[in-house]
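Colleague: There's a structure below that I have some questions on.
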Amino acid sequence: MADDRRFELPTTPRSEAPVDWHDPAPFLRGTAWLDGGRVIRADPADLERLPRDIAERAALPIGVRLAFTAAPGTRAVELRYRAAVPEPDDPWAGLRHCFALWSGTRLVGETCVAPAAEGTVSLPLPPGGGVFAVHLPEGQSPAPLALRAVGGALSPAPPLPRWLVHGDSITEGWWSTRPAHSWPATAGRLLGLDPVNLGYAGGARGELPLAEQLARLPGEVITLAFGTNCWSRVPATADWLYATVRAFVGLVRLGHPRTPLLVVSPVLRPEAEHTRNALGATLTELRRAMERAALDLAAEGDDRLLVLPGRPLLAPEHLADGLHPNDAGHARIAAAVAGALRPYLPVRLPRQENAVGPGEDLSG
């Protein structure tokens, strides 16, 4: 997982870059806000209302990637980047930077390089051109400085419908082995959406300022997947969570009155299912309260509000540490979320499992 180093766009004057290098900004996907030249996952004008842990997590480039169309004959894409490098005695000092190249739902290849404060990585492309996405390694938060084609030409990929995905560390992708394996990234590829990962490890406890930020952020689809941190990190009662979910959804609806909105209740957490927290609530009770709040809102007339119960999605073997899913668990959540959202998508795009070409799903 990513550490707390920040992700920034290049500060080198444009005139100093070689003419064949592209500014990465038009190629960036999965972005929410910019703070100056820095990608940030919370409104920089509204950070003072957020808990410190969420503001810190928002500085990480979770889910950010580069999407481009390569002309036929393009042999590779080169990416210049800057990254924080751990001290020699840091246990993560030898962690290689791995850049994954995807085409639709197919992994084309992965290139790993030694950690460096600034470097260039080359990712070979298959013949024939097409639409691709490069997932950046989140460890040490490499920031793209420029990219260029080798033997051809690149252009920014066509935009896809924007999917706002709010949640906690599970949404952030914890314990997936690669950023592209998180459930939002995987579901985004399945659905042909551009997922904007607004997951905050330790957070997503029903913070209402985040609901107001979601209301102001453009998006064609929204998912809210939180609740597990209301069991222990900041304990809640079932009644409190019921009221909070209603308030949270109500605030989001001020900016997105008809946007498809999926509420995903907490997935399996064995230690918490029948264990009472400091206020006497089990995770099972909290989950039911969250689902009941969403179902009540839907019954009151919100016919674009959907509920996906999280408990059936995972079994113990799908958990890496008793809380966070492994890759198989992330894939199961992604499949369930994709199945729930597919009938409500604003734009129907054909699934392209293996084809490479314009219009292909490149999100995630």
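We label chains A, B, ... in the order they appear in the structure tokens, count residues from 1 in each chain, and number ligands from 1 in the order shown.
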Taking the DSSP secondary structure from the backbone, can you list the residues of range 220-312 of chain A that are alpha helix (DSSP H), as a PyMOL selection string?

Modeller: chain A and resi 238-255+283-299

Colleague: Quick one: residues within 8 Å of Ile170 in chain A, only C-alpha atoms, excluding same-chain residues fewer than 2 positions away - as a VMD selection string?

Modeller: chain A and resid 167 to 168 172 to 174 199 201 324 to 325

Colleague: Those same residues, written as a CSV table (one decimal), in the first residue's frame with N, CA and C atoms?

Modeller:
```csv
chain,number,residue,atom,x,y,z
A,167,GLY,N,-15.2,5.2,0.5
A,167,GLY,CA,-15.1,4.0,1.4
A,167,GLY,C,-13.9,4.1,2.3
A,168,ASP,N,-13.5,3.0,2.9
A,168,ASP,CA,-12.5,2.9,3.9
A,168,ASP,C,-11.2,2.3,3.2
A,172,GLU,N,-9.9,1.6,-0.5
A,172,GLU,CA,-8.6,2.1,-0.9
A,172,GLU,C,-7.7,1.0,-1.5
A,173,GLY,N,-8.1,-0.3,-1.2
A,173,GLY,CA,-7.4,-1.4,-1.9
A,173,GLY,C,-6.4,-2.2,-1.0
A,174,TRP,N,-6.5,-2.0,0.3
A,174,TRP,CA,-5.6,-2.7,1.2
A,174,TRP,C,-5.6,-4.2,1.0
A,199,GLY,N,-11.5,6.3,-1.2
A,199,GLY,CA,-11.3,5.4,0.0
A,199,GLY,C,-10.3,6.0,0.9
A,201,ALA,N,-8.2,4.9,4.4
A,201,ALA,CA,-7.9,3.9,5.4
A,201,ALA,C,-8.1,4.5,6.8
A,324,HIS,N,-9.2,-7.2,5.8
A,324,HIS,CA,-9.0,-6.7,4.4
A,324,HIS,C,-9.0,-7.9,3.4
A,325,PRO,N,-9.6,-7.7,2.3
A,325,PRO,CA,-9.7,-8.8,1.3
A,325,PRO,C,-8.3,-9.1,0.7
```

Colleague: Please identify all polymer residues within 10 Å of Leu254 in chain A, counting only C-alpha atoms, omitting same-chain residues fewer than 2 positions from it, and present them as a list in words.

Modeller: Ala211, Glu212, Leu214, Ala215, Arg216, Val249, Gly250, Leu251, Val252, His256, Pro257 and Arg258 of chain A

Colleague: Work out how far CA of Arg205 in chain A is from CA of Arg52 in chain A, in Å to one decimal.

Modeller: 13.2 Å

Colleague: Pick out the residues sitting within 9 Å of Pro195 in chain A, and hand them over as number ranges by chain; count only C-alpha atoms, and ignore anything fewer than 4 positions along from it in its own chain.

Modeller: A: 29-31, 63, 161-165, 184-185, 187-189, 363-364

Colleague: If you keep N, CA, C and O atoms, can you produce a file of those selected residues as a compact mmCIF listing (two decimals), in the first residue's frame?

Modeller:
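result32.txt written:
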```txt
# COMPACT_ATOMS: atom_id res chain seq x y z
N ARG A 29 -6.19 9.86 -15.09
CA ARG A 29 -7.55 9.39 -14.83
C ARG A 29 -7.64 9.02 -13.35
O ARG A 29 -6.65 8.79 -12.68
N GLY A 30 -8.88 8.94 -12.85
CA GLY A 30 -9.08 8.62 -11.44
C GLY A 30 -8.78 9.78 -10.53
O GLY A 30 -8.53 9.59 -9.34
N THR A 31 -8.83 11.00 -11.05
CA THR A 31 -8.50 12.18 -10.25
C THR A 31 -9.77 12.89 -9.78
O THR A 31 -10.77 12.92 -10.49
N GLY A 63 -5.49 4.96 -6.90
CA GLY A 63 -6.32 4.80 -8.09
C GLY A 63 -5.97 5.69 -9.26
O GLY A 63 -6.61 5.60 -10.31
N PRO A 161 -17.42 7.49 -18.39
CA PRO A 161 -18.27 7.98 -17.31
C PRO A 161 -17.55 7.89 -15.96
O PRO A 161 -16.90 6.89 -15.66
N ARG A 162 -17.70 8.93 -15.16
CA ARG A 162 -16.95 9.05 -13.91
C ARG A 162 -17.72 8.40 -12.77
O ARG A 162 -18.90 8.68 -12.54
N TRP A 163 -16.99 7.54 -12.03
CA TRP A 163 -17.59 6.79 -10.93
C TRP A 163 -16.92 7.22 -9.63
O TRP A 163 -15.72 6.98 -9.43
N LEU A 164 -17.65 7.83 -8.72
CA LEU A 164 -17.13 8.26 -7.43
C LEU A 164 -17.31 7.12 -6.43
O LEU A 164 -18.44 6.69 -6.18
N VAL A 165 -16.20 6.64 -5.85
CA VAL A 165 -16.24 5.47 -4.97
C VAL A 165 -15.71 5.88 -3.60
O VAL A 165 -14.51 6.04 -3.39
N PRO A 184 -12.41 -1.37 -6.63
CA PRO A 184 -12.89 -0.31 -7.51
C PRO A 184 -12.22 -0.33 -8.89
O PRO A 184 -12.87 -0.10 -9.91
N ALA A 185 -10.90 -0.60 -8.92
CA ALA A 185 -10.20 -0.66 -10.21
C ALA A 185 -10.75 -1.80 -11.06
O ALA A 185 -10.98 -1.65 -12.26
N ALA A 187 -13.75 -3.40 -10.83
CA ALA A 187 -15.13 -3.15 -11.26
C ALA A 187 -15.18 -2.06 -12.33
O ALA A 187 -16.01 -2.12 -13.25
N GLY A 188 -14.30 -1.06 -12.22
CA GLY A 188 -14.25 -0.03 -13.23
C GLY A 188 -13.94 -0.59 -14.61
O GLY A 188 -14.55 -0.18 -15.62
N ARG A 189 -13.02 -1.53 -14.67
CA ARG A 189 -12.71 -2.16 -15.96
C ARG A 189 -13.88 -2.98 -16.47
O ARG A 189 -14.17 -2.99 -17.67
N SER A 363 -10.53 1.93 -17.77
CA SER A 363 -10.50 2.42 -16.42
C SER A 363 -9.81 1.44 -15.51
O SER A 363 -9.72 0.27 -15.78
N GLY A 364 -9.45 1.97 -14.32
CA GLY A 364 -8.80 1.15 -13.31
C GLY A 364 -7.36 1.12 -13.53
O GLY A 364 -6.61 0.31 -13.12
```

Colleague: Run DSSP on the backbone of this structure and report the residues of range 212-355 of chain A it assigns to strand (DSSP E or B), as a compact mmCIF listing (two decimals) with N, CA, C and O atoms, in the first residue's frame.

Modeller:
```txt
# COMPACT_ATOMS: atom_id res chain seq x y z
N VAL A 221 -21.90 8.08 -11.59
CA VAL A 221 -22.27 6.95 -10.74
C VAL A 221 -21.59 7.17 -9.40
O VAL A 221 -20.47 7.70 -9.34
N ILE A 222 -22.22 6.75 -8.30
CA ILE A 222 -21.64 6.91 -6.96
C ILE A 222 -21.82 5.62 -6.19
O ILE A 222 -22.87 4.97 -6.27
N THR A 223 -20.79 5.26 -5.42
CA THR A 223 -20.88 4.11 -4.51
C THR A 223 -20.38 4.55 -3.13
O THR A 223 -19.35 5.22 -3.02
N LEU A 224 -21.11 4.17 -2.10
CA LEU A 224 -20.72 4.40 -0.71
C LEU A 224 -20.52 3.04 -0.06
O LEU A 224 -21.44 2.24 0.00
N ALA A 225 -19.30 2.76 0.40
CA ALA A 225 -18.98 1.46 0.98
C ALA A 225 -18.21 1.68 2.28
O ALA A 225 -16.98 1.74 2.28
N LEU A 261 -26.89 5.57 -7.17
CA LEU A 261 -26.09 5.57 -5.95
C LEU A 261 -26.22 4.21 -5.27
O LEU A 261 -27.33 3.82 -4.88
N LEU A 262 -25.11 3.52 -5.15
CA LEU A 262 -25.09 2.18 -4.55
C LEU A 262 -24.49 2.25 -3.16
O LEU A 262 -23.37 2.74 -2.99
N VAL A 263 -25.22 1.75 -2.17
CA VAL A 263 -24.71 1.63 -0.80
C VAL A 263 -24.30 0.18 -0.58
O VAL A 263 -25.12 -0.74 -0.73
N VAL A 264 -23.03 -0.03 -0.22
CA VAL A 264 -22.51 -1.36 0.07
C VAL A 264 -22.24 -1.43 1.57
O VAL A 264 -21.42 -0.67 2.09
N LEU A 305 -31.53 4.71 -5.70
CA LEU A 305 -30.70 4.30 -4.57
C LEU A 305 -30.74 2.78 -4.47
O LEU A 305 -31.81 2.17 -4.35
N LEU A 306 -29.58 2.16 -4.51
CA LEU A 306 -29.45 0.71 -4.52
C LEU A 306 -28.71 0.25 -3.27
O LEU A 306 -27.90 0.99 -2.71
N VAL A 307 -28.98 -0.97 -2.85
CA VAL A 307 -28.33 -1.53 -1.66
C VAL A 307 -27.72 -2.88 -2.02
O VAL A 307 -28.38 -3.74 -2.60
N LEU A 308 -26.44 -3.05 -1.68
CA LEU A 308 -25.75 -4.32 -1.85
C LEU A 308 -25.28 -4.80 -0.48
O LEU A 308 -24.33 -4.25 0.08
N LEU A 319 -10.17 -13.29 3.06
CA LEU A 319 -9.59 -12.23 3.87
C LEU A 319 -8.10 -12.48 4.05
O LEU A 319 -7.68 -13.60 4.37
N PRO A 325 -9.64 -7.75 2.29
CA PRO A 325 -9.68 -8.84 1.32
C PRO A 325 -8.33 -9.08 0.67
O PRO A 325 -7.51 -8.17 0.52
```

Colleague: Give me, as a Markdown table, each residue of range 175-294 of chain A that comes within 8 Å of range 89-110 of chain A, together with its shortest interatomic pair and the distance in Å at one decimal, counting only C-alpha atoms, with rows ordered by chain and rising residue number.

Modeller:
```
| residue | atom | partner | partner_atom | distance |
| --- | --- | --- | --- | --- |
| A:Ala180 | CA | A:Ala100 | CA | 7.8 |
| A:Thr186 | CA | A:Thr105 | CA | 8.0 |
| A:Arg189 | CA | A:Thr105 | CA | 5.6 |
| A:Leu190 | CA | A:Thr105 | CA | 6.7 |
```

Colleague: Restricted to N, CA, C and O atoms, what would the selected residues look like written as a CSV table (one decimal), in the first residue's frame?

Modeller:
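Now in out.csv:
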```csv
chain,number,residue,atom,x,y,z
A,180,ALA,N,-4.0,-2.2,-9.4
A,180,ALA,CA,-5.0,-2.6,-10.4
A,180,ALA,C,-5.9,-3.7,-9.9
A,180,ALA,O,-6.9,-4.0,-10.6
A,186,THR,N,-11.0,-3.0,-10.4
A,186,THR,CA,-11.4,-4.1,-11.2
A,186,THR,C,-12.9,-3.9,-11.7
A,186,THR,O,-13.2,-4.2,-12.8
A,189,ARG,N,-13.0,-1.5,-14.7
A,189,ARG,CA,-12.7,-2.2,-16.0
A,189,ARG,C,-13.9,-3.0,-16.5
A,189,ARG,O,-14.2,-3.0,-17.7
A,190,LEU,N,-14.6,-3.7,-15.6
A,190,LEU,CA,-15.7,-4.5,-16.0
A,190,LEU,C,-16.8,-3.7,-16.5
A,190,LEU,O,-17.6,-4.1,-17.5
```

Colleague: Applying 12 Å and only C-alpha atoms, which residues near Pro51 in chain A remain after dropping the ones on its own chain fewer than 6 positions away? List them as number ranges by chain.

Modeller: A: 42, 57-58, 200, 202-210, 234

Colleague: List as a PyMOL selection string the protein and nucleic acid residues near range 272-285 of chain A, meaning an atom at most 12 Å away when only C-alpha atoms are counted, but skip any in the same chain fewer than 3 places from it.

Modeller: chain A and resi 226-242+265-269+288-292+309-312+322-323

Colleague: Keeping only C-alpha atoms, take the residues you just selected and write them out as a tab-separated table (two decimals), in the first residue's frame.

Modeller:
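File written: out.tsv
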```tsv
chain	number	residue	atom	x	y	z
A	226	PHE	CA	-18.26	2.08	4.65
A	227	GLY	CA	-19.25	1.09	8.17
A	228	THR	CA	-16.59	-1.28	9.48
A	229	ASN	CA	-14.65	1.57	11.13
A	230	CYS	CA	-17.84	2.50	12.99
A	231	TRP	CA	-17.46	-0.72	14.97
A	232	SER	CA	-14.09	-0.06	16.61
A	233	ARG	CA	-11.98	2.84	15.36
A	234	VAL	CA	-14.71	5.35	16.21
A	235	PRO	CA	-17.45	3.22	17.80
A	236	ALA	CA	-21.06	3.89	16.93
A	237	THR	CA	-24.47	2.57	17.86
A	238	ALA	CA	-26.90	1.10	15.34
A	239	ASP	CA	-29.28	4.04	15.82
A	240	TRP	CA	-26.46	6.53	15.21
A	241	LEU	CA	-25.35	4.76	12.03
A	242	TYR	CA	-28.94	4.56	10.76
A	265	SER	CA	-22.70	-2.46	3.71
A	266	PRO	CA	-19.63	-3.85	5.53
A	267	VAL	CA	-18.16	-7.13	4.33
A	268	LEU	CA	-17.32	-10.00	6.65
A	269	ARG	CA	-15.17	-9.19	9.68
A	288	ARG	CA	-28.38	-4.07	9.37
A	289	ALA	CA	-28.84	-0.45	10.42
A	290	MET	CA	-26.92	0.77	7.37
A	291	GLU	CA	-28.93	-1.43	5.00
A	292	ARG	CA	-32.22	-0.48	6.65
A	309	PRO	CA	-25.47	-6.32	1.41
A	310	GLY	CA	-21.79	-6.85	2.11
A	311	ARG	CA	-21.93	-9.85	4.44
A	312	PRO	CA	-22.53	-12.54	1.75
A	322	GLY	CA	-9.25	-11.11	9.05
A	323	LEU	CA	-10.39	-7.68	7.85
```

Colleague: So how far away is CA of Leu28 in chain A from CA of Ala335 in chain A, in Å?

Modeller: 25.0 Å

Colleague: Nearest to Ala32 in chain A: which of A:Ala157, A:Ala59, A:Ala298, A:Ile54 is it, counting only C-alpha atoms?

Modeller: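 Under the stated criterion, the closest residue is A:Ala59.
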
Colleague: Rank A:Pro144, A:Pro316, A:Gly73, A:Gly301 by their smallest atom-to-atom distance to Pro26 in chain A, using only C-alpha atoms, and report the top residue only.

Modeller: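 Closest to Pro26 in chain A, using only C-alpha atoms: A:Pro144.
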